[in-house]
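Student: What follows is entry-v1.txt, compact mmCIF, C-alpha atoms.
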# COMPACT_ATOMS: atom_id res chain seq x y z
CA MET A 1 8.44 2.44 3.43
CA PHE A 2 11.22 1.81 0.94
CA TYR A 3 14.74 1.59 2.36
CA ARG A 4 17.49 2.55 -0.04
CA SER A 5 21.24 2.77 -0.03
CA LYS A 6 24.14 3.59 -2.31
CA ALA A 7 27.81 2.80 -1.75
CA PRO A 8 30.61 4.28 -3.89
CA LEU A 9 33.07 2.28 -5.97
CA ARG A 10 36.80 2.92 -5.69
CA ILE A 11 39.95 3.24 -7.70
CA SER A 12 43.14 1.96 -6.07
CA PHE A 13 46.28 4.05 -6.55
CA ALA A 14 48.87 1.92 -4.76
CA GLY A 15 49.31 -1.03 -2.42
CA GLY A 16 46.50 -3.19 -3.78
CA GLY A 17 47.22 -6.82 -2.93
CA THR A 18 48.98 -6.03 0.34
CA ASP A 19 45.51 -5.97 1.97
CA ILE A 20 45.04 -9.72 1.39
CA ALA A 21 45.23 -11.62 4.68
CA SER A 22 47.90 -14.08 3.52
CA TYR A 23 50.27 -11.10 3.20
CA SER A 24 48.95 -8.46 5.62
CA ASP A 25 48.67 -10.88 8.57
CA ILE A 26 52.44 -11.43 8.35
CA TYR A 27 53.91 -8.22 6.95
CA GLY A 28 51.16 -5.62 7.28
CA GLY A 29 49.66 -3.84 4.29
CA ASN A 30 49.30 -0.24 3.07
CA VAL A 31 46.78 0.88 0.44
CA LEU A 32 46.05 4.31 -1.04
CA ASN A 33 42.66 4.68 -2.76
CA VAL A 34 39.75 7.02 -3.46
CA THR A 35 36.05 6.56 -4.15
CA ILE A 36 34.33 7.87 -7.29
CA ASN A 37 30.79 8.82 -8.29
CA LYS A 38 29.89 5.33 -9.47
CA TYR A 39 27.75 3.34 -7.04
CA ALA A 40 26.23 0.06 -5.95
CA TYR A 41 22.52 0.59 -5.20
CA THR A 42 20.08 -1.32 -3.01
CA HIS A 43 16.28 -1.02 -2.78
CA LEU A 44 14.68 -2.85 0.15
CA GLU A 45 11.06 -3.19 1.22
CA LEU A 46 9.06 -5.38 3.58
CA ARG A 47 6.24 -7.49 2.14
CA GLU A 48 3.20 -9.17 3.68
CA VAL A 49 3.90 -12.35 1.72
CA PRO A 50 6.46 -14.38 3.76
CA GLN A 51 8.87 -14.75 0.87
CA ILE A 52 12.25 -13.24 0.03
CA GLU A 53 12.71 -11.98 -3.53
CA ILE A 54 16.08 -10.75 -4.75
CA TYR A 55 16.21 -8.99 -8.12
CA SER A 56 19.69 -8.44 -9.58
CA GLN A 57 19.51 -6.05 -12.50
CA ASP A 58 23.22 -6.61 -13.25
CA PHE A 59 22.88 -10.36 -13.72
CA GLU A 60 19.28 -10.20 -14.98
CA SER A 61 18.19 -12.74 -12.40
CA ILE A 62 15.52 -13.29 -9.77
CA THR A 63 15.99 -15.45 -6.69
CA ARG A 64 12.93 -16.42 -4.66
CA ILE A 65 13.29 -17.98 -1.22
CA LYS A 66 10.43 -19.13 1.00
CA ALA A 67 11.97 -18.13 4.32
CA ASN A 68 15.23 -17.26 6.08
CA LYS A 69 15.80 -20.88 7.06
CA ASP A 70 15.93 -21.81 3.36
CA LEU A 71 18.84 -19.45 2.62
CA GLN A 72 21.65 -21.46 1.07
CA PHE A 73 24.82 -20.28 -0.63
CA ASN A 74 24.62 -21.83 -4.08
CA GLY A 75 25.93 -19.15 -6.44
CA GLU A 76 22.56 -17.39 -6.79
CA SER A 77 22.45 -13.93 -5.14
CA ASP A 78 24.92 -15.10 -2.49
CA LEU A 79 26.05 -11.59 -1.56
CA ALA A 80 22.50 -10.57 -0.70
CA LYS A 81 21.87 -13.87 1.09
CA GLY A 82 24.98 -13.35 3.20
CA VAL A 83 23.75 -9.94 4.36
CA ILE A 84 20.21 -11.22 5.01
CA LYS A 85 21.54 -14.05 7.18
CA ARG A 86 23.44 -11.59 9.33
CA PHE A 87 20.96 -8.73 9.50
CA TYR A 88 17.40 -10.03 9.21
CA GLU A 89 15.45 -12.42 11.42
CA GLY A 90 11.94 -11.03 10.88
CA SER A 91 8.93 -13.02 9.75
CA ALA A 92 7.81 -10.53 7.08
CA GLY A 93 8.85 -11.05 3.49
CA LEU A 94 11.52 -9.01 1.78
CA ARG A 95 11.91 -7.59 -1.68
CA ILE A 96 15.43 -6.51 -2.65
CA VAL A 97 16.51 -4.90 -5.92
CA THR A 98 20.22 -4.33 -6.62
CA HIS A 99 22.03 -2.46 -9.36
CA ASN A 100 25.64 -1.46 -9.98
CA ASP A 101 27.09 1.35 -12.09
CA ALA A 102 30.03 -0.86 -13.10
CA PRO A 103 29.96 -4.36 -14.57
CA PRO A 104 31.14 -7.32 -12.47
CA GLY A 105 34.86 -7.97 -12.75
CA SER A 106 35.64 -4.35 -13.63
CA GLY A 107 38.28 -3.80 -10.94
CA LEU A 108 36.40 -1.01 -9.16
CA GLY A 109 35.39 -3.08 -6.13
CA SER A 110 31.78 -3.37 -7.28
CA SER A 111 31.00 -6.65 -5.47
CA SER A 112 32.23 -5.40 -2.10
CA ALA A 113 30.48 -2.08 -2.62
CA MET A 114 27.27 -4.05 -3.18
CA VAL A 115 27.69 -5.81 0.17
CA VAL A 116 28.28 -2.44 1.85
CA SER A 117 25.20 -1.03 0.10
CA LEU A 118 23.06 -3.98 1.23
CA ILE A 119 24.23 -3.51 4.82
CA GLY A 120 23.42 0.19 4.51
CA ALA A 121 19.83 -0.61 3.51
CA PHE A 122 19.36 -2.94 6.49
CA ARG A 123 20.95 -0.33 8.75
CA GLU A 124 18.22 2.06 7.61
CA LEU A 125 15.49 -0.54 8.04
CA LYS A 126 16.51 -1.46 11.58
CA ASN A 127 17.88 1.94 12.71
CA LEU A 128 21.23 0.32 13.54
CA ALA A 129 24.04 2.41 15.00
CA LEU A 130 26.79 1.15 12.69
CA SER A 131 29.95 3.17 12.10
CA PRO A 132 31.90 2.93 8.82
CA TYR A 133 34.33 0.61 10.63
CA ASP A 134 31.42 -1.62 11.71
CA ILE A 135 29.96 -1.79 8.21
CA ALA A 136 33.30 -2.50 6.54
CA ARG A 137 34.28 -5.16 9.08
CA ARG A 138 30.98 -6.99 8.72
CA ALA A 139 31.16 -6.77 4.93
CA CYS A 140 34.61 -8.40 5.11
CA GLU A 141 33.29 -11.11 7.42
CA ILE A 142 30.47 -11.90 4.99
CA GLU A 143 32.61 -12.01 1.85
CA ARG A 144 35.83 -13.49 3.17
CA GLY A 145 34.38 -15.62 5.98
CA ASP A 146 30.78 -16.65 5.32
CA LEU A 147 31.10 -16.89 1.53
CA SER A 148 34.82 -17.82 1.37
CA ILE A 149 35.45 -15.38 -1.49
CA LEU A 150 39.16 -14.71 -2.01
CA GLY A 151 40.21 -11.08 -1.85
CA GLY A 152 41.49 -8.21 0.21
CA MET A 153 39.82 -5.72 2.51
CA GLN A 154 40.37 -2.31 0.93
CA ASP A 155 37.18 -2.39 -1.16
CA GLN A 156 34.83 -2.71 1.82
CA TYR A 157 36.59 -0.01 3.84
CA ALA A 158 36.82 2.37 0.88
CA SER A 159 33.11 2.04 0.13
CA ALA A 160 32.09 2.45 3.78
CA PHE A 161 34.28 5.51 4.44
CA GLY A 162 34.47 7.26 1.06
CA GLY A 163 36.97 9.90 -0.06
CA PHE A 164 40.77 9.74 -0.20
CA ASN A 165 42.12 7.21 2.29
CA PHE A 166 45.43 5.72 3.30
CA MET A 167 44.68 2.34 4.88
CA GLU A 168 46.84 0.22 7.16
CA PHE A 169 46.08 -3.49 7.46
CA GLN A 170 47.35 -5.67 10.28
CA LYS A 171 46.32 -9.12 11.46
CA ASP A 172 44.15 -7.83 14.30
CA HIS A 173 43.08 -4.37 13.14
CA VAL A 174 42.55 -1.95 10.26
CA ILE A 175 43.23 1.80 10.46
CA VAL A 176 41.68 4.15 7.90
CA ASN A 177 43.45 7.51 7.63
CA SER A 178 41.20 9.99 5.81
CA LEU A 179 43.44 12.40 3.90
CA ARG A 180 42.97 16.18 3.95
CA ILE A 181 44.08 17.05 0.44
CA ASP A 182 44.09 20.62 -0.85
CA PRO A 183 41.07 21.25 -3.12
CA TRP A 184 43.30 22.39 -5.99
CA VAL A 185 45.11 19.03 -5.90
CA ILE A 186 41.78 17.20 -6.07
CA HIS A 187 40.70 19.34 -9.04
CA GLU A 188 44.06 18.72 -10.73
CA LEU A 189 43.70 14.96 -10.29
CA GLU A 190 40.16 14.97 -11.70
CA TYR A 191 41.34 17.07 -14.63
CA ASN A 192 44.40 14.99 -15.47
CA LEU A 193 43.29 11.43 -14.68
CA ILE A 194 41.68 9.26 -17.34
CA LEU A 195 39.55 6.25 -16.39
CA ALA A 196 39.47 3.72 -19.21
CA TYR A 197 37.38 0.56 -19.50
CA THR A 198 39.24 -2.17 -21.38
CA ARG A 199 35.98 -4.07 -22.09
CA LYS A 200 37.75 -7.17 -20.77
CA ASN A 201 36.35 -8.36 -17.43
CA ARG A 202 38.05 -10.98 -15.31
CA LEU A 203 37.50 -13.26 -12.35
CA SER A 204 39.61 -11.57 -9.68
CA SER A 205 39.63 -14.63 -7.41
CA ARG A 206 41.83 -16.53 -9.87
CA ILE A 207 44.39 -13.73 -9.96
CA ILE A 208 44.29 -13.36 -6.17
CA GLU A 209 44.73 -17.13 -5.81
CA SER A 210 48.02 -16.84 -7.72
CA GLN A 211 49.16 -14.03 -5.41
CA VAL A 212 48.25 -16.06 -2.33
CA LYS A 213 50.19 -19.07 -3.59
CA ASN A 214 53.24 -16.88 -4.26
CA VAL A 215 53.15 -15.63 -0.67
CA GLU A 216 52.63 -19.11 0.78
CA ARG A 217 55.59 -20.57 -1.08
CA ASN A 218 57.72 -17.56 -0.16
CA ASP A 219 58.30 -16.48 -3.76
CA GLN A 220 60.88 -13.71 -3.26
CA ALA A 221 60.18 -11.82 -6.49
CA SER A 222 56.49 -11.57 -5.64
CA LEU A 223 57.13 -10.73 -1.98
CA ASN A 224 59.66 -8.02 -2.85
CA ALA A 225 57.17 -6.47 -5.27
CA MET A 226 54.52 -6.39 -2.54
CA HIS A 227 56.98 -4.89 -0.04
CA ASN A 228 57.86 -2.21 -2.61
CA LEU A 229 54.20 -1.47 -3.34
CA LYS A 230 53.50 -1.06 0.36
CA ALA A 231 56.32 1.46 0.72
CA HIS A 232 55.31 3.10 -2.54
CA ALA A 233 51.81 3.79 -1.24
CA VAL A 234 53.43 5.96 1.45
CA GLU A 235 55.35 7.97 -1.16
CA MET A 236 52.22 8.51 -3.26
CA LYS A 237 50.35 9.66 -0.17
CA LYS A 238 53.09 12.21 0.52
CA ALA A 239 52.90 13.48 -3.06
CA LEU A 240 49.18 14.14 -2.69
CA LEU A 241 49.41 15.76 0.75
CA THR A 242 52.28 18.05 -0.25
CA GLY A 243 50.72 19.18 -3.52
CA ARG A 244 52.83 17.35 -6.12
CA PRO A 245 50.23 15.79 -8.47
CA ASP A 246 52.60 15.40 -11.44
CA GLU A 247 55.01 13.42 -9.27
CA PHE A 248 52.04 11.33 -8.16
CA GLY A 249 51.32 10.61 -11.83
CA LYS A 250 54.87 9.47 -12.46
CA LEU A 251 54.74 7.23 -9.39
CA LEU A 252 51.74 5.42 -10.90
CA ASP A 253 54.08 3.96 -13.50
CA TYR A 254 56.35 2.51 -10.83
CA ALA A 255 53.32 1.05 -9.04
CA TRP A 256 52.21 -0.70 -12.22
CA GLN A 257 55.64 -2.15 -12.98
CA GLU A 258 55.89 -3.58 -9.45
CA LYS A 259 52.30 -4.82 -9.39
CA LYS A 260 52.91 -6.96 -12.48
CA LYS A 261 55.61 -8.85 -10.56
CA MET A 262 53.10 -10.09 -7.97
CA ALA A 263 51.57 -12.70 -10.31
CA ALA A 264 51.88 -13.61 -13.98
CA THR A 265 48.12 -13.20 -14.55
CA ILE A 266 47.96 -9.52 -13.53
CA SER A 267 48.79 -8.26 -17.00
CA ASN A 268 48.53 -9.61 -20.54
CA GLY A 269 49.35 -8.61 -24.10
CA GLN A 270 46.25 -6.45 -24.50
CA LEU A 271 46.84 -4.47 -21.30
CA ASP A 272 50.55 -4.03 -22.06
CA GLN A 273 49.71 -2.66 -25.51
CA ILE A 274 47.09 -0.26 -24.15
CA TYR A 275 49.58 0.98 -21.58
CA GLU A 276 52.31 1.44 -24.20
CA ASP A 277 49.94 3.38 -26.48
CA ALA A 278 48.92 5.69 -23.63
CA VAL A 279 52.52 6.43 -22.61
CA LYS A 280 53.54 7.10 -26.23
CA ALA A 281 50.67 9.59 -26.46
CA GLY A 282 51.88 11.44 -23.36
CA ALA A 283 50.66 9.70 -20.21
CA LEU A 284 53.08 10.07 -17.28
CA GLY A 285 51.93 6.82 -15.72
CA GLY A 286 49.02 4.52 -15.13
CA LYS A 287 47.90 1.15 -13.81
CA VAL A 288 45.06 -1.32 -13.67
CA SER A 289 42.53 -0.67 -10.92
CA GLY A 290 41.96 -3.80 -8.85
CA ALA A 291 43.47 -7.26 -9.07
CA GLY A 292 44.44 -6.91 -12.75
CA GLY A 293 43.77 -8.98 -15.84
CA GLY A 294 41.33 -6.47 -17.31
CA GLY A 295 38.56 -4.17 -16.16
CA PHE A 296 39.42 -0.49 -15.71
CA MET A 297 42.78 1.19 -16.17
CA MET A 298 43.69 4.72 -15.11
CA PHE A 299 46.24 7.10 -16.62
CA TYR A 300 47.65 10.39 -15.43
CA CYS A 301 48.53 12.99 -18.08
CA GLU A 302 49.69 16.56 -18.18
CA SER A 303 46.57 18.54 -19.05
CA THR A 304 47.85 19.63 -22.47
CA ARG A 305 48.30 16.00 -23.53
CA LYS A 306 45.10 14.54 -22.14
CA ARG A 307 43.17 14.70 -25.42
CA ARG A 308 45.97 12.93 -27.31
CA VAL A 309 46.02 10.15 -24.73
CA MET A 310 42.24 9.79 -24.87
CA GLU A 311 42.34 9.55 -28.65
CA ALA A 312 45.03 6.87 -28.45
CA LEU A 313 42.96 4.87 -25.96
CA VAL A 314 39.82 5.07 -28.10
CA LYS A 315 41.85 3.95 -31.11
CA ALA A 316 43.01 0.96 -29.05
CA GLY A 317 39.37 -0.04 -28.47
CA VAL A 318 39.10 1.31 -24.93
CA GLU A 319 36.06 3.16 -23.58
CA VAL A 320 36.95 6.39 -21.77
CA MET A 321 34.57 7.10 -18.89
CA SER A 322 34.01 10.43 -17.17
CA PHE A 323 34.02 10.50 -13.37
CA ASN A 324 34.39 12.69 -10.32
CA PHE A 325 35.65 11.85 -6.86
CA GLU A 326 33.07 10.97 -4.22
CA LEU A 327 34.09 12.20 -0.78
CA SER A 328 31.24 10.49 1.13
CA GLY A 329 30.94 6.82 1.98
CA VAL A 330 27.82 4.63 2.05
CA GLN A 331 24.57 6.59 2.33
CA SER A 332 21.10 5.26 3.16
CA TRP A 333 17.64 6.79 3.33
CA ARG A 334 13.97 5.90 3.33
CA SER A 335 11.14 6.88 1.03
CA SER A 336 7.45 6.90 1.95
CA ARG A 337 5.21 4.49 0.07
CA GLU A 338 2.60 7.23 -0.23
CA LEU A 339 5.07 9.35 -2.19
CA ARG A 340 5.99 6.46 -4.45
CA THR A 341 6.40 7.10 -8.17
CA PRO A 342 6.07 4.41 -10.87
CA GLN A 343 9.18 2.24 -10.84
CA THR A 344 10.48 -0.42 -13.18
CA VAL A 345 11.89 -3.66 -11.82
CA PHE A 346 13.47 -6.58 -13.58
CA THR A 347 11.93 -10.00 -14.12
CA LYS A 348 13.42 -12.86 -16.10
CA ASP A 349 11.23 -12.23 -19.13
CA LYS A 350 10.55 -8.50 -19.16
CA PHE A 351 10.34 -5.37 -17.07
CA LEU A 352 7.05 -4.81 -15.27
CA ALA A 353 5.69 -1.75 -13.52
CA ALA A 354 5.90 -2.45 -9.79
Let's see the structure in the file written out as structure tokens.
Tutor:
Amino acid sequence: MFYRSKAPLRISFAGGGTDIASYSDIYGGNVLNVTINKYAYTHLELREVPQIEIYSQDFESITRIKANKDLQFNGESDLAKGVIKRFYEGSAGLRIVTHNDAPPGSGLGSSSAMVVSLIGAFRELKNLALSPYDIARRACEIERGDLSILGGMQDQYASAFGGFNFMEFQKDHVIVNSLRIDPWVIHELEYNLILAYTRKNRLSSRIIESQVKNVERNDQASLNAMHNLKAHAVEMKKALLTGRPDEFGKLLDYAWQEKKKMAATISNGQLDQIYEDAVKAGALGGKVSGAGGGGFMMFYCESTRKRRVMEALVKAGVEVMSFNFELSGVQSWRSSRELRTPQTVFTKDKFLAA
């Protein structure tokens, strides 16, 4: 058997940063986000050879480990190792292949979606009764606890649940409110939103570290911005639920202006220029998806001006990417070895037929 899983990536509309423990444990956080049809994929199979092999197609790397007891976090395939440590104690060998539709550091929550996808594959292997809450919580424990990676919690919950969600973060619990949005509003958002890749990736942990320090030293400008973003997420949720997509688009601009106040590293000259070009061409509002510093940006336009905005973004060196919303969360399945078709897997030197 092959055990496979895919977990959707997300775009964050408002409240990103208020889901980081240093803030949410004290003040509580609100985040509004949605998943899209870009995924983190996992292929898992058992092997007779008692060895663990992890193939990352994104990083073009192979990690080979003799046994579970030799698993060490050393910067090589640590996300997969973290999931293996928590979910596998068998004596048989493992072969894991991972792939992501978005590059690392893109701001779409790709790393957390990969952890959710890996958990999904092991859930399928072991027939585990794990709810989306269970999967998201364990993904957070692996990333934030076991691996000590700085970040928030919205990415794991978004990828596990899927769809449009308004999330509430408190010190001792997380509540995910799945939103029932009229289909015409969803179509309008898909039609009017532009997802743009700046071609500039960033290390989100450095940006998040700045946010954490601002909270710890009680920086009032940063804290006020986060308070405003939390309240703003509620207003954007209302705009979606009551069928006011153009107002939602205008509110994106406010969210971006406040987000930039959270830390100096969130924006830069390139992002500011891209944003200015898009607004001049007719965008009502927009923002960076994720921690900031680069990766993907999104813009909301009136439909008649969308082409002009896209042309302005392309002229600015940005890659416009098509997408649709994904209303389902992590999905896993199994495929019979007897029905196997030729498959290509990555090695350090070349691709070989498995």
Student: Counting all atoms listed in the file, what is within 8 Å of Gln154 (chain A), bar same-chain residues fewer than 2 positions away, as a list in words?
Tutor: Gly16, Asp19, Val31, Gly152, Gln156, Tyr157, Ala158 and Met167 of chain A
Student: Separation of CA of Ile149 (chain A) and CA of Leu79 (chain A), in Å?
Tutor: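 Computed distance, CA of Ile149 (chain A) to CA of Leu79 (chain A), equals 10.1 Å.
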Student: Rounded to one decimal, what separation in Å do you get between CA of Tyr39 (chain A) and CA of Ile62 (chain A)?
Tutor: 20.8 Å
Student: Which residues of region 1-117 of chain A come within 7 Å of region 168-187 of chain A, and for each one, what is the closest pair of atoms and their distance in Å to one decimal, counting only C-alpha atoms, sorted by chain and residue number, as JSON lines?
Tutor:
{"residue": "A:Asp19", "atom": "CA", "partner": "A:Phe169", "partner_atom": "CA", "distance": 6.1}
{"residue": "A:Ser24", "atom": "CA", "partner": "A:Gln170", "partner_atom": "CA", "distance": 5.7}
{"residue": "A:Asp25", "atom": "CA", "partner": "A:Lys171", "partner_atom": "CA", "distance": 4.1}
{"residue": "A:Gly28", "atom": "CA", "partner": "A:Gln170", "partner_atom": "CA", "distance": 4.8}
{"residue": "A:Gly29", "atom": "CA", "partner": "A:Phe169", "partner_atom": "CA", "distance": 4.8}
{"residue": "A:Asn30", "atom": "CA", "partner": "A:Glu168", "partner_atom": "CA", "distance": 4.8}
{"residue": "A:Val31", "atom": "CA", "partner": "A:Glu168", "partner_atom": "CA", "distance": 6.8}
Student: Taking the point (48.5, 2.6, -29.3) as given in the file, collect each protein or nucleic acid residue that comes within 6 Å of it, counting all atoms listed in the file, and present the set as a PDB file with C-alpha atoms, in the coordinates of the input.
Tutor:
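After the write, result18.pdb holds the following:
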ATOM      1  CA  ASP A 277      49.940   3.380 -26.480  1.00  0.00           C
ATOM      2  CA  ALA A 312      45.030   6.870 -28.450  1.00  0.00           C
ATOM      3  CA  ALA A 316      43.010   0.960 -29.050  1.00  0.00           C
TER       4      ALA A 316
END
Student: What does the structure give for the distance between CA of Thr35 (chain A) and CA of Leu327 (chain A), in Å to one decimal?
Tutor: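 Separation of CA of Thr35 (chain A) and CA of Leu327 (chain A): 6.9 Å.
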Student: Restricting the calculation to all atoms listed in the file: of A:Gly269, A:Pro8, A:Gly285, A:Gly329, which residue gets closest to Gly109 (chain A)?
Tutor: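 Closest to Gly109 (chain A), using all atoms listed in the file: A:Pro8.
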Student: With only C-alpha atoms as the atoms that count, which of A:Met1, A:Ile208, A:Ile274, A:Ala102 lies nearest to Gly317 (chain A)?
Tutor: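 Smallest distance to Gly317 (chain A) is found for A:Ile274.
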Student: Could the centre and edge lengths of an axis-aligned box, enclosing all atoms of region 261-278 of chain A in the file with 4 Å extra on each side, be given in Å to one decimal as lines of an AutoDock Vina configuration file?
Tutor:
center_x = 50.9
center_y = -4.0
center_z = -17.2
size_x = 17.4
size_y = 27.3
size_z = 26.5
Student: Using only C-alpha atoms, which of the listed residues (A:Glu143, A:Asp58, A:Glu89, A:Glu319) sits closest to Asp101 (chain A)?
Tutor: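 For Asp101 (chain A), the nearest of the candidates is A:Asp58.
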Student: Do a neighbour search on Ala283 (chain A) at 7 Å with all atoms listed in the file, toss out local chain neighbours closer than 2 positions, and write the hits as a PDB file with C-alpha atoms, in the coordinates of the input.
Tutor:
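Listing of around-v3.pdb after writing:
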ATOM      1  CA  ALA A 278      48.920   5.690 -23.630  1.00  0.00           C
ATOM      2  CA  VAL A 279      52.520   6.430 -22.610  1.00  0.00           C
ATOM      3  CA  ALA A 281      50.670   9.590 -26.460  1.00  0.00           C
ATOM      4  CA  GLY A 285      51.930   6.820 -15.720  1.00  0.00           C
ATOM      5  CA  PHE A 299      46.240   7.100 -16.620  1.00  0.00           C
ATOM      6  CA  TYR A 300      47.650  10.390 -15.430  1.00  0.00           C
ATOM      7  CA  CYS A 301      48.530  12.990 -18.080  1.00  0.00           C
ATOM      8  CA  VAL A 309      46.020  10.150 -24.730  1.00  0.00           C
TER       9      VAL A 309
END
Student: Taking only C-alpha atoms into account, name the residue in A:Glu276, A:Glu190, A:Glu209, A:Glu76 that is nearest to Asn37 (chain A).
Tutor: A:Glu190
Student: Could you check the closest approach to Ser5 (chain A) for each of A:Ser111, A:Thr63, A:Asn324, A:Ser117 and tell me which residue wins, using only C-alpha atoms?
Tutor: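 Looking only at the distances to Ser5 (chain A), the closest residue turns out to be A:Ser117.
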Student: Of the residues A:Ile52, A:Leu108, A:Ala231, A:Ala196, which is the one nearest to Glu311 (chain A), using all atoms listed in the file?
Tutor: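 Residue with the minimum atom-to-atom distance to Glu311 (chain A): A:Ala196.
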Student: Applying 7 Å and all atoms listed in the file, which residues near region 126-137 of chain A remain after dropping the ones on its own chain fewer than 4 positions away? List them as a compact mmCIF listing (two decimals) with C-alpha atoms, keeping the file's coordinate frame.
Tutor:
# COMPACT_ATOMS: atom_id res chain seq x y z
CA VAL A 116 28.28 -2.44 1.85
CA ILE A 119 24.23 -3.51 4.82
CA PHE A 122 19.36 -2.94 6.49
CA GLU A 141 33.29 -11.11 7.42
CA GLN A 156 34.83 -2.71 1.82
CA TYR A 157 36.59 -0.01 3.84
CA ALA A 160 32.09 2.45 3.78
CA PHE A 161 34.28 5.51 4.44
Student: Kindly provide, as a list in words, the polymer residues lying within 7 Å of (19.1, -6.1, -5.7), counting all atoms listed in the file and using the coordinates exactly as they appear in the file.
Tutor: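 Here is the list of nearby residues: Thr42, His43, Ile54, Tyr55, Ser56, Gln57, Ile96, Val97, Thr98 and His99 of chain A.
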Student: Because some atoms of region 95-107 of chain A are absent here, can you restore N, CA, C and O atoms and send them as a PDB file, in the coordinates of the input?
Tutor:
ATOM      1  N   ARG A  95      11.670  -7.770  -0.240  1.00  0.00           N
ATOM      2  CA  ARG A  95      11.910  -7.590  -1.680  1.00  0.00           C
ATOM      3  C   ARG A  95      13.139  -6.703  -1.807  1.00  0.00           C
ATOM      4  O   ARG A  95      13.192  -5.592  -1.294  1.00  0.00           O
ATOM      5  N   ILE A  96      14.176  -7.219  -2.491  1.00  0.00           N
ATOM      6  CA  ILE A  96      15.430  -6.510  -2.650  1.00  0.00           C
ATOM      7  C   ILE A  96      15.740  -6.365  -4.136  1.00  0.00           C
ATOM      8  O   ILE A  96      15.648  -7.331  -4.897  1.00  0.00           O
ATOM      9  N   VAL A  97      16.093  -5.163  -4.546  1.00  0.00           N
ATOM     10  CA  VAL A  97      16.510  -4.900  -5.920  1.00  0.00           C
ATOM     11  C   VAL A  97      17.898  -4.288  -5.875  1.00  0.00           C
ATOM     12  O   VAL A  97      18.125  -3.311  -5.139  1.00  0.00           O
ATOM     13  N   THR A  98      18.849  -4.839  -6.609  1.00  0.00           N
ATOM     14  CA  THR A  98      20.220  -4.330  -6.620  1.00  0.00           C
ATOM     15  C   THR A  98      20.636  -3.927  -8.029  1.00  0.00           C
ATOM     16  O   THR A  98      20.181  -4.495  -9.023  1.00  0.00           O
ATOM     17  N   HIS A  99      21.517  -2.949  -8.078  1.00  0.00           N
ATOM     18  CA  HIS A  99      22.030  -2.460  -9.360  1.00  0.00           C
ATOM     19  C   HIS A  99      23.392  -1.831  -9.131  1.00  0.00           C
ATOM     20  O   HIS A  99      23.630  -1.216  -8.088  1.00  0.00           O
ATOM     21  N   ASN A 100      24.291  -1.994 -10.097  1.00  0.00           N
ATOM     22  CA  ASN A 100      25.640  -1.460  -9.980  1.00  0.00           C
ATOM     23  C   ASN A 100      25.988  -0.614 -11.198  1.00  0.00           C
ATOM     24  O   ASN A 100      25.634  -0.976 -12.327  1.00  0.00           O
ATOM     25  N   ASP A 101      26.686   0.489 -10.974  1.00  0.00           N
ATOM     26  CA  ASP A 101      27.090   1.350 -12.090  1.00  0.00           C
ATOM     27  C   ASP A 101      28.230   0.768 -12.905  1.00  0.00           C
ATOM     28  O   ASP A 101      28.509   1.264 -14.000  1.00  0.00           O
ATOM     29  N   ALA A 102      28.911  -0.238 -12.387  1.00  0.00           N
ATOM     30  CA  ALA A 102      30.030  -0.860 -13.100  1.00  0.00           C
ATOM     31  C   ALA A 102      29.758  -2.345 -13.261  1.00  0.00           C
ATOM     32  O   ALA A 102      29.147  -2.970 -12.389  1.00  0.00           O
ATOM     33  N   PRO A 103      30.187  -2.926 -14.363  1.00  0.00           N
ATOM     34  CA  PRO A 103      29.960  -4.360 -14.570  1.00  0.00           C
ATOM     35  C   PRO A 103      30.792  -5.203 -13.622  1.00  0.00           C
ATOM     36  O   PRO A 103      31.846  -4.766 -13.148  1.00  0.00           O
ATOM     37  N   PRO A 104      30.346  -6.424 -13.313  1.00  0.00           N
ATOM     38  CA  PRO A 104      31.140  -7.320 -12.470  1.00  0.00           C
ATOM     39  C   PRO A 104      32.511  -7.579 -13.089  1.00  0.00           C
ATOM     40  O   PRO A 104      32.648  -7.662 -14.313  1.00  0.00           O
ATOM     41  N   GLY A 105      33.527  -7.701 -12.247  1.00  0.00           N
ATOM     42  CA  GLY A 105      34.860  -7.970 -12.750  1.00  0.00           C
ATOM     43  C   GLY A 105      35.547  -6.771 -13.357  1.00  0.00           C
ATOM     44  O   GLY A 105      36.510  -6.913 -14.116  1.00  0.00           O
ATOM     45  N   SER A 106      35.091  -5.556 -13.012  1.00  0.00           N
ATOM     46  CA  SER A 106      35.640  -4.350 -13.630  1.00  0.00           C
ATOM     47  C   SER A 106      36.855  -3.807 -12.912  1.00  0.00           C
ATOM     48  O   SER A 106      37.544  -2.923 -13.420  1.00  0.00           O
ATOM     49  N   GLY A 107      37.126  -4.280 -11.689  1.00  0.00           N
ATOM     50  CA  GLY A 107      38.280  -3.800 -10.940  1.00  0.00           C
ATOM     51  C   GLY A 107      38.020  -2.567 -10.110  1.00  0.00           C
ATOM     52  O   GLY A 107      38.953  -1.959  -9.585  1.00  0.00           O
TER      53      GLY A 107
END
